[in-house]
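*Asks:* Can you keep this structure in mind? I'll have questions shortly.
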Amino acid sequence: MSFSDVGNLMCLPFDEIESGEPTDVHEYLIQAAANQLGPDGRNWIPVIVKETAPDQYQVIGNSFVYAVAAEAGLAEVWCIIADDLPETVAISRSLAQEVLPKTNLSIASREEISAAVDYVLHQPATPLKGVSHASLVARLDEAPRQYWKNLQPITKLGCRITGGKKLKALEEVFYLTPEPMPEVITDRKILETLTTQQLKDMAKKRDVKGLSKLKKADLVELLAAA
Amino acid sequence: MSLEQAFQSLPPDAAEAVVESIFSKPFLNALGFSDEEIVPKFGIGKWAVDQAARKNTGDDIFLHTQNDPYLYMEVKGRPANLSGEMYPDHRDTVLQLKRYLLAPSSKSVKWGLIMNSLHVQLFRKHGKIVHPVTSCLSLEGNLKQVVKLLRQHIGSPPKALTIALYNNKGGVGKTTTTINLAATLTLYKKKVLVIDFDHNQSDLGDALNLSPLKNKVLGVLKGKSANIRDIITPYKLEHPSLKEPLGFDVITADDAFSGELDEAKLRQIVKLHDLHKALESLKNDYDYILIDSPPNWRLFAQKAIYAADVVLIPARHDNLHSLQNASTAITQFIPAMREKRRAVQESGPIVLPIFMNNTPTRSAPFQVALMHNAIKKIIVKSKSETGFDLTHYFYPKYCKGQKNLDMVSVPYMAYIPRADFMHMPAAFAFKPAREQYQNLVKEYFL
Ligand SMILES: Nc1ncnc2c1ncn2[C@@H]1O[C@H](COP(=O)(O)OP(=O)(O)OP(=O)(O)O)[C@@H](O)[C@H]1O
Ligand SMILES: [Mg+2]
């Protein structure tokens with residue numbers, strides 16, 4: 001048999017549990033729930049903790065429940081003992097909706113992008129007012145986002161997102177794991193999304209002369225034909 | 001062992017493993033796949049389908065390379081009831097098959113079978129759509145005929161998906177959606193044929209500045225004098241910035257059917273299935289055939305539904321009748337046409353999630369709440385009266401533990417009436433409109 005408590009539901013003395021990342025929900029919700037729970041109540045939804053030392057625990061998920069237990073003055077708190085892997089903290093906080101899970105924009109499907117954009121647009125104080133869901137999703141989906149190193153190129157998509165707060169709002173839900181840009185690109189669609197400077201650099205590498213006179217459309221034509 | 005012998009040797013309550021070991025291979029052999037063209041327990045990401053098959057090409061032996069599967073077969077034991085679409089076993093098996101067919105690694109797969117050695121049903125995959133092709137076919141005493149039928153289908157996969165746009169409430173956007181879906185699919189390099197089957201209004205032709213036909217369609221439907229190819233008009237958009245003109249093919253409405261028709265008389269000379277039959281010869285020329293149907297439940301609407309693989313129902317959030325009519329179409333009209341096609345061992349159309357046209361851009365919480373309430377009533381009523389659960393037709397993303405009320409929608413756009421005046425699909429003329437329809441096309445089809 002195993003001597004580990006990992007996975008167990010245990011009733012732990014409140015003093016043995018140290019707070020983790022504190023909850024940021026409104027105090028009204030904590031107070032009202034604490035009143036409902038009372039000092040002798042039982043928290044049927046357990047706090048998720050990890051063991052940090054013998055008889056020492058730290059909250060890694062459901063910190064709202066922990067805050068309510070503290071407010072209600074519970075002497076003992078029901079907890080589930082989790083292991084101490086970093087992934088465990090991350091998934092516990094996601095499942096408890098304490099952090100916003102992020103979507104990998106480098107490889108996300110259109111459905112995933114659509115859901116993430118929809119989420120941002122539906123936040124009450126969203127800075128993305130006036131941004132069209134359909135346009136943003138269609139343009140993100142077609143963009144060469146597998147090569148993006150940051151979200152700046154979104155400002156070039158013509159979706160009324162010009163940086164600042166709006167881009168920050170999208171950074172809340174998207175992250176990137178960029179692929180290196182290949183040396184040779186002939187896909188017209190991708191070429192069209194690059195800047196004139198990037199196209200010129202690419203053409204230079206292929207020893208094309210007399211670039212300065214060429215317009216963007218000509219450069220695309222040239223590189224696509226190569 | 002021959003297929004017949006394998007069938008006879010199965011115990012009446014054969015479990016899945018028994019059906020698999022005795023029947024699956026002879027069955028696939030009979031469908032034309034040799035032993036080297038079959039892979040059992042074929043891996044699809046983290047799942048595995050019971051059988052996968054593909055014809056060998058030159059050195060590419062499917063059993064060895066396991067590349068580009070062409071057909072999947074999900075096998076069940078005899079106790080699982082696959083004899084009709086209303087049974088939970090059938091529903092679960094179809095969901096499972098769909099999951100396999102739509103997995104990213106299944107791109108090359110065209111066909112799916114579900115089979116428990118008593119019944120078999122064939123499904124086709126076309127882009128994102130998986131739809132049944134045959135009814136649930138009984139193998140008992142019919143082995144030879146069923147195998148022959150399946151071989152015919154599998155050997156000649158039609159290129160086209162036939163989509164009927166239907167709502168018996170008028171003015172919900174059938175014609176607009178038909179035109180713009182066609183235009184948008186064209187942008188994705190799909191070959192599209194549009195059929196204006198609303199002969200009374202011939203709106204679709206008007207919107208593209210194409211004139212109606214004069215007494216041509218009857219001959220085509222009767223299948224005698226005329227060739228359907230002779231009544232096709234190409235619609236082309238030419239523009240200096242386009243290297244090649246963009247466009248799709250159209251069969252416009254026919255003047256001969258406009259005005260008050262004596263429907264009883266008409267029914268004496270044409271048949272329900274004639275449109276379906278007439279389209280047969282075009283199914284390898286197009287990727288999509290879109291049929292714009294009239295806002296009623298009379299002969300031409302019935303022909304359109306009968307001929308379709310899938311039905312797309314537009315509705316409007318602010319029009320209760322369009323929502324109620326969608327429900328009637330799903331629970332009564334379309335099943336009636338499916339029953340007709342089941343009688344000839346076919347399946348008939350499936351219904352895609354209802355799509356909301358003309359939704360207000362600025363969210364109007366009060367109106368939205370009204371609509372959800374109305375839909376809730378329709379869902380409850382239908383469940384109690386017909387046992388039909390409409391939830392997923394209205395809310396395709398609603399699932400276990402998640403009250404997701406998202407609906408597929410296209411907002412109100414001033415570009416759309418403006419494009420009408422320009423005699424051009426809005427999706428060609430205006431980028432914001434194009435993007436809305438791109439999303440629609442990806443949501444449903446690509
Ligand atoms: N998303 C939209 N935004 C703005 N206007 C729209 C939209 N969809 C449709 N319309 C307009 O609504 C009107 C009715 O649309 P449409 O003719 O496509 O409906 P319909 O269902 O084909 O009608 P009918 O039943 O008469 O055949 C048209 O004038 C069209 O321009
Ligand atoms: Mg119409």
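Just so we're on the same page: first chain in the structure tokens is A, next is B, and so on; residues restart at 1 for each chain, and ligands are numbered from 1 in the order they show up.
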Once you count only C-alpha atoms and all ligand atoms, which residues end up within 7 Å of ligand 2, and could you hand them over as a list in words?
*Replies:* Gly171, Gly173, Lys174, Thr175, Asp198, Asp203, Leu204, Asp292 and Pro294 of chain B
*Asks:* Create the file for the chosen residues now, containing C-alpha atoms and written as a PDB file, in the first residue's frame.
*Replies:*
ATOM      1  CA  GLY B 171     -38.583  36.412 -46.473  1.00  0.00           C
ATOM      2  CA  GLY B 173     -33.211  34.920 -46.416  1.00  0.00           C
ATOM      3  CA  LYS B 174     -33.272  31.674 -48.391  1.00  0.00           C
ATOM      4  CA  THR B 175     -32.467  33.310 -51.699  1.00  0.00           C
ATOM      5  CA  ASP B 198     -38.975  29.154 -56.487  1.00  0.00           C
ATOM      6  CA  ASP B 203     -35.902  36.249 -57.175  1.00  0.00           C
ATOM      7  CA  LEU B 204     -32.614  34.477 -57.503  1.00  0.00           C
ATOM      8  CA  ASP B 292     -33.409  27.642 -53.374  1.00  0.00           C
ATOM      9  CA  PRO B 294     -40.253  28.246 -52.345  1.00  0.00           C
TER      10      PRO B 294
END
*Asks:* Could you list, as a PyMOL selection string, all residues that come within 6 Å of ligand 1? Count only C-alpha atoms and all ligand atoms.
*Replies:* chain B and resi 170-176+294-295+357-358+410-414+416-417
*Asks:* Store the residues picked out above in a file with C-alpha atoms, as a compact mmCIF listing (two decimals), in the first residue's frame.
*Replies:*
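Final output, result_6.txt:
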# COMPACT_ATOMS: atom_id res chain seq x y z
CA GLY B 170 -41.21 33.70 -46.58
CA GLY B 171 -38.58 36.41 -46.47
CA VAL B 172 -36.15 34.76 -44.05
CA GLY B 173 -33.21 34.92 -46.42
CA LYS B 174 -33.27 31.67 -48.39
CA THR B 175 -32.47 33.31 -51.70
CA THR B 176 -29.87 35.69 -50.24
CA PRO B 294 -40.25 28.25 -52.35
CA PRO B 295 -41.73 29.30 -48.97
CA ASN B 357 -30.28 35.38 -40.53
CA ASN B 358 -30.55 39.11 -40.03
CA VAL B 410 -25.39 36.10 -40.12
CA PRO B 411 -26.15 39.64 -38.92
CA TYR B 412 -28.25 42.27 -40.60
CA MET B 413 -26.03 44.00 -43.16
CA ALA B 414 -26.96 47.01 -45.27
CA ILE B 416 -27.03 42.84 -48.70
CA PRO B 417 -29.93 44.87 -50.09
*Asks:* Restrict the distance test to only C-alpha atoms, flag each residue of chain A within 12 Å of chain B, and return the flagged residues as a list in words.
*Replies:* Ser109, Arg110, Glu111, Glu112, Ile113, Ser114, Ala115, Asp118, Tyr119, Leu121, His122, Lys129, Gly130, Val131, Ser132, His133, Ala134, Ser135, Leu136, Val137, Ala138, Arg139, Leu140, Asp141, Glu142, Gly158 and Cys159 of chain A
*Asks:* Store the residues picked out above, limited to N, CA and C atoms, as a compact mmCIF listing (two decimals), in the first residue's frame.
*Replies:*
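And here's result.txt as it stands now:
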# COMPACT_ATOMS: atom_id res chain seq x y z
N SER A 109 -7.45 25.70 -34.22
CA SER A 109 -8.40 25.55 -35.31
C SER A 109 -9.30 26.78 -35.35
N ARG A 110 -10.04 26.91 -36.45
CA ARG A 110 -10.95 28.05 -36.57
C ARG A 110 -11.96 28.07 -35.44
N GLU A 111 -12.46 26.88 -35.05
CA GLU A 111 -13.44 26.80 -33.96
C GLU A 111 -12.85 27.34 -32.67
N GLU A 112 -11.59 26.96 -32.39
CA GLU A 112 -10.97 27.41 -31.15
C GLU A 112 -10.78 28.92 -31.16
N ILE A 113 -10.37 29.46 -32.31
CA ILE A 113 -10.20 30.91 -32.42
C ILE A 113 -11.54 31.60 -32.22
N SER A 114 -12.55 31.04 -32.89
CA SER A 114 -13.87 31.65 -32.81
C SER A 114 -14.37 31.71 -31.37
N ALA A 115 -14.17 30.62 -30.62
CA ALA A 115 -14.65 30.58 -29.23
C ALA A 115 -13.87 31.59 -28.37
N ASP A 118 -14.93 35.12 -29.25
CA ASP A 118 -16.28 35.31 -28.72
C ASP A 118 -16.24 35.60 -27.23
N TYR A 119 -15.37 34.87 -26.53
CA TYR A 119 -15.23 35.07 -25.09
C TYR A 119 -14.79 36.50 -24.80
N LEU A 121 -15.01 39.16 -26.67
CA LEU A 121 -16.02 40.14 -27.06
C LEU A 121 -17.17 40.19 -26.06
N HIS A 122 -17.38 39.09 -25.33
CA HIS A 122 -18.51 39.06 -24.41
C HIS A 122 -18.17 39.52 -23.00
N LYS A 129 -14.99 46.64 -28.29
CA LYS A 129 -16.29 47.09 -28.82
C LYS A 129 -16.12 47.54 -30.26
N GLY A 130 -17.07 47.13 -31.12
CA GLY A 130 -17.00 47.57 -32.50
C GLY A 130 -16.16 46.67 -33.39
N VAL A 131 -15.52 45.67 -32.80
CA VAL A 131 -14.77 44.72 -33.61
C VAL A 131 -15.73 43.63 -34.07
N SER A 132 -15.68 43.30 -35.36
CA SER A 132 -16.60 42.28 -35.86
C SER A 132 -16.02 40.88 -35.64
N HIS A 133 -16.81 40.06 -34.96
CA HIS A 133 -16.39 38.69 -34.68
C HIS A 133 -16.05 37.96 -35.96
N ALA A 134 -16.95 38.08 -36.94
CA ALA A 134 -16.76 37.34 -38.20
C ALA A 134 -15.47 37.76 -38.90
N SER A 135 -15.22 39.08 -38.98
CA SER A 135 -14.02 39.54 -39.67
C SER A 135 -12.77 39.06 -38.96
N LEU A 136 -12.75 39.27 -37.65
CA LEU A 136 -11.54 38.94 -36.90
C LEU A 136 -11.25 37.44 -37.02
N VAL A 137 -12.29 36.62 -36.89
CA VAL A 137 -12.07 35.17 -36.96
C VAL A 137 -11.62 34.77 -38.36
N ALA A 138 -12.28 35.30 -39.38
CA ALA A 138 -11.92 34.94 -40.75
C ALA A 138 -10.47 35.33 -41.03
N ARG A 139 -10.08 36.55 -40.58
CA ARG A 139 -8.73 37.02 -40.91
C ARG A 139 -7.66 36.31 -40.08
N LEU A 140 -7.97 36.04 -38.82
CA LEU A 140 -7.01 35.29 -38.01
C LEU A 140 -6.81 33.90 -38.58
N ASP A 141 -7.92 33.29 -38.98
CA ASP A 141 -7.85 31.92 -39.48
C ASP A 141 -6.97 31.83 -40.72
N GLU A 142 -7.06 32.84 -41.58
CA GLU A 142 -6.32 32.77 -42.84
C GLU A 142 -4.89 33.32 -42.75
N GLY A 158 -6.53 44.89 -40.25
CA GLY A 158 -7.63 45.78 -40.61
C GLY A 158 -8.92 45.44 -39.90
N CYS A 159 -8.81 45.06 -38.65
CA CYS A 159 -10.01 44.71 -37.87
C CYS A 159 -10.26 45.73 -36.77
*Asks:* Measuring between only C-alpha atoms, which one of A:Leu37, A:Leu12, A:Ala32, A:Ala224 shows the shortest distance to Lys189 (chain A)?
*Replies:*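 Result for the nearest residue to Lys189 (chain A): A:Ala224.
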*Asks:* List every residue of region 9-100 of chain A that DSSP, applied to the backbone of this structure, assigns to strand (DSSP E or B), and report them as a list of chain:residue names.
*Replies:*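 Here is the list: A:Leu9, A:Met10, A:Cys11, A:Leu12, A:Pro13, A:Ile17, A:Glu18, A:Val47, A:Ile48, A:Val49, A:Lys50, A:Glu51, A:Thr52, A:Ala53, A:Gln56, A:Tyr57, A:Gln58, A:Val59, A:Ile60, A:Gly61, A:Glu76, A:Val77, A:Trp78, A:Cys79, A:Ile80, A:Ile81, A:Ala82.
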*Asks:* Excluding region 313-316 of chain B and any residue of its chain fewer than 5 positions from it, enumerate the residues within 9 Å of it, using only C-alpha atoms, and give them as a VMD selection string.
*Replies:* chain B and resid 164 to 167 169 172 to 174 177 321 to 323 325 to 326 329 351 to 359 409
*Asks:* Could you write out that same residue set with N, CA and C atoms as a PDB file, in the first residue's frame?
*Replies:*
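Output file out.pdb is given in full below:
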ATOM      1  N   ALA B 164     -30.503  21.779 -49.931  1.00  0.00           N
ATOM      2  CA  ALA B 164     -31.726  22.549 -50.151  1.00  0.00           C
ATOM      3  C   ALA B 164     -31.839  23.595 -49.057  1.00  0.00           C
ATOM      4  N   LEU B 165     -32.143  24.840 -49.454  1.00  0.00           N
ATOM      5  CA  LEU B 165     -32.408  25.886 -48.462  1.00  0.00           C
ATOM      6  C   LEU B 165     -33.908  26.012 -48.333  1.00  0.00           C
ATOM      7  N   TYR B 166     -34.387  25.841 -47.116  1.00  0.00           N
ATOM      8  CA  TYR B 166     -35.830  25.756 -46.967  1.00  0.00           C
ATOM      9  C   TYR B 166     -36.318  26.365 -45.664  1.00  0.00           C
ATOM     10  N   ASN B 167     -37.430  27.104 -45.773  1.00  0.00           N
ATOM     11  CA  ASN B 167     -38.257  27.466 -44.624  1.00  0.00           C
ATOM     12  C   ASN B 167     -39.580  27.849 -45.242  1.00  0.00           C
ATOM     13  N   LYS B 169     -41.713  29.695 -44.156  1.00  0.00           N
ATOM     14  CA  LYS B 169     -42.008  31.107 -43.916  1.00  0.00           C
ATOM     15  C   LYS B 169     -41.237  31.914 -44.950  1.00  0.00           C
ATOM     16  N   VAL B 172     -37.137  34.981 -45.113  1.00  0.00           N
ATOM     17  CA  VAL B 172     -36.152  34.762 -44.051  1.00  0.00           C
ATOM     18  C   VAL B 172     -34.714  34.809 -44.568  1.00  0.00           C
ATOM     19  N   GLY B 173     -34.564  34.807 -45.875  1.00  0.00           N
ATOM     20  CA  GLY B 173     -33.211  34.920 -46.416  1.00  0.00           C
ATOM     21  C   GLY B 173     -32.741  33.693 -47.179  1.00  0.00           C
ATOM     22  N   LYS B 174     -33.672  32.880 -47.649  1.00  0.00           N
ATOM     23  CA  LYS B 174     -33.272  31.674 -48.391  1.00  0.00           C
ATOM     24  C   LYS B 174     -32.486  32.049 -49.642  1.00  0.00           C
ATOM     25  N   THR B 177     -29.136  33.782 -48.937  1.00  0.00           N
ATOM     26  CA  THR B 177     -28.139  32.844 -48.432  1.00  0.00           C
ATOM     27  C   THR B 177     -27.659  31.923 -49.549  1.00  0.00           C
ATOM     28  N   HIS B 321     -42.875  32.906 -36.413  1.00  0.00           N
ATOM     29  CA  HIS B 321     -43.351  31.892 -37.363  1.00  0.00           C
ATOM     30  C   HIS B 321     -42.200  31.177 -38.040  1.00  0.00           C
ATOM     31  N   SER B 322     -41.138  31.922 -38.304  1.00  0.00           N
ATOM     32  CA  SER B 322     -40.016  31.284 -38.999  1.00  0.00           C
ATOM     33  C   SER B 322     -39.372  30.237 -38.093  1.00  0.00           C
ATOM     34  N   LEU B 323     -39.428  30.460 -36.768  1.00  0.00           N
ATOM     35  CA  LEU B 323     -38.879  29.481 -35.826  1.00  0.00           C
ATOM     36  C   LEU B 323     -39.819  28.277 -35.717  1.00  0.00           C
ATOM     37  N   ASN B 325     -41.990  27.347 -37.941  1.00  0.00           N
ATOM     38  CA  ASN B 325     -41.986  26.615 -39.204  1.00  0.00           C
ATOM     39  C   ASN B 325     -40.742  25.745 -39.343  1.00  0.00           C
ATOM     40  N   ALA B 326     -39.632  26.220 -38.812  1.00  0.00           N
ATOM     41  CA  ALA B 326     -38.419  25.400 -38.831  1.00  0.00           C
ATOM     42  C   ALA B 326     -38.695  24.102 -38.087  1.00  0.00           C
ATOM     43  N   ALA B 329     -40.897  21.825 -40.143  1.00  0.00           N
ATOM     44  CA  ALA B 329     -40.133  21.221 -41.236  1.00  0.00           C
ATOM     45  C   ALA B 329     -39.298  20.051 -40.715  1.00  0.00           C
ATOM     46  N   VAL B 351     -30.850  17.331 -41.494  1.00  0.00           N
ATOM     47  CA  VAL B 351     -31.088  18.752 -41.290  1.00  0.00           C
ATOM     48  C   VAL B 351     -29.897  19.351 -40.543  1.00  0.00           C
ATOM     49  N   LEU B 352     -29.342  20.403 -41.091  1.00  0.00           N
ATOM     50  CA  LEU B 352     -28.236  21.097 -40.417  1.00  0.00           C
ATOM     51  C   LEU B 352     -28.814  22.001 -39.331  1.00  0.00           C
ATOM     52  N   PRO B 353     -27.981  22.420 -38.376  1.00  0.00           N
ATOM     53  CA  PRO B 353     -28.479  23.360 -37.368  1.00  0.00           C
ATOM     54  C   PRO B 353     -29.110  24.580 -38.038  1.00  0.00           C
ATOM     55  N   ILE B 354     -30.222  25.023 -37.493  1.00  0.00           N
ATOM     56  CA  ILE B 354     -30.929  26.180 -38.031  1.00  0.00           C
ATOM     57  C   ILE B 354     -30.009  27.389 -37.986  1.00  0.00           C
ATOM     58  N   PHE B 355     -30.094  28.220 -39.033  1.00  0.00           N
ATOM     59  CA  PHE B 355     -29.196  29.362 -38.977  1.00  0.00           C
ATOM     60  C   PHE B 355     -29.993  30.651 -38.937  1.00  0.00           C
ATOM     61  N   MET B 356     -29.558  31.574 -38.080  1.00  0.00           N
ATOM     62  CA  MET B 356     -30.296  32.795 -37.816  1.00  0.00           C
ATOM     63  C   MET B 356     -29.786  33.868 -38.745  1.00  0.00           C
ATOM     64  N   ASN B 357     -30.673  34.341 -39.603  1.00  0.00           N
ATOM     65  CA  ASN B 357     -30.283  35.380 -40.531  1.00  0.00           C
ATOM     66  C   ASN B 357     -30.773  36.716 -40.000  1.00  0.00           C
ATOM     67  N   ASN B 358     -30.049  37.800 -40.369  1.00  0.00           N
ATOM     68  CA  ASN B 358     -30.553  39.111 -40.027  1.00  0.00           C
ATOM     69  C   ASN B 358     -30.538  39.402 -38.541  1.00  0.00           C
ATOM     70  N   THR B 359     -29.616  38.813 -37.780  1.00  0.00           N
ATOM     71  CA  THR B 359     -29.574  39.114 -36.351  1.00  0.00           C
ATOM     72  C   THR B 359     -29.103  40.552 -36.174  1.00  0.00           C
ATOM     73  N   SER B 409     -25.140  32.196 -37.119  1.00  0.00           N
ATOM     74  CA  SER B 409     -25.893  33.372 -37.541  1.00  0.00           C
ATOM     75  C   SER B 409     -25.135  34.262 -38.521  1.00  0.00           C
TER      76      SER B 409
END
*Asks:* Mind pulling up the distance from CA of Leu181 (chain B) to CA of Tyr415 (chain B)?
*Replies:*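 Between CA of Tyr415 (chain B) and CA of Leu181 (chain B) the gap is 15.3 Å.
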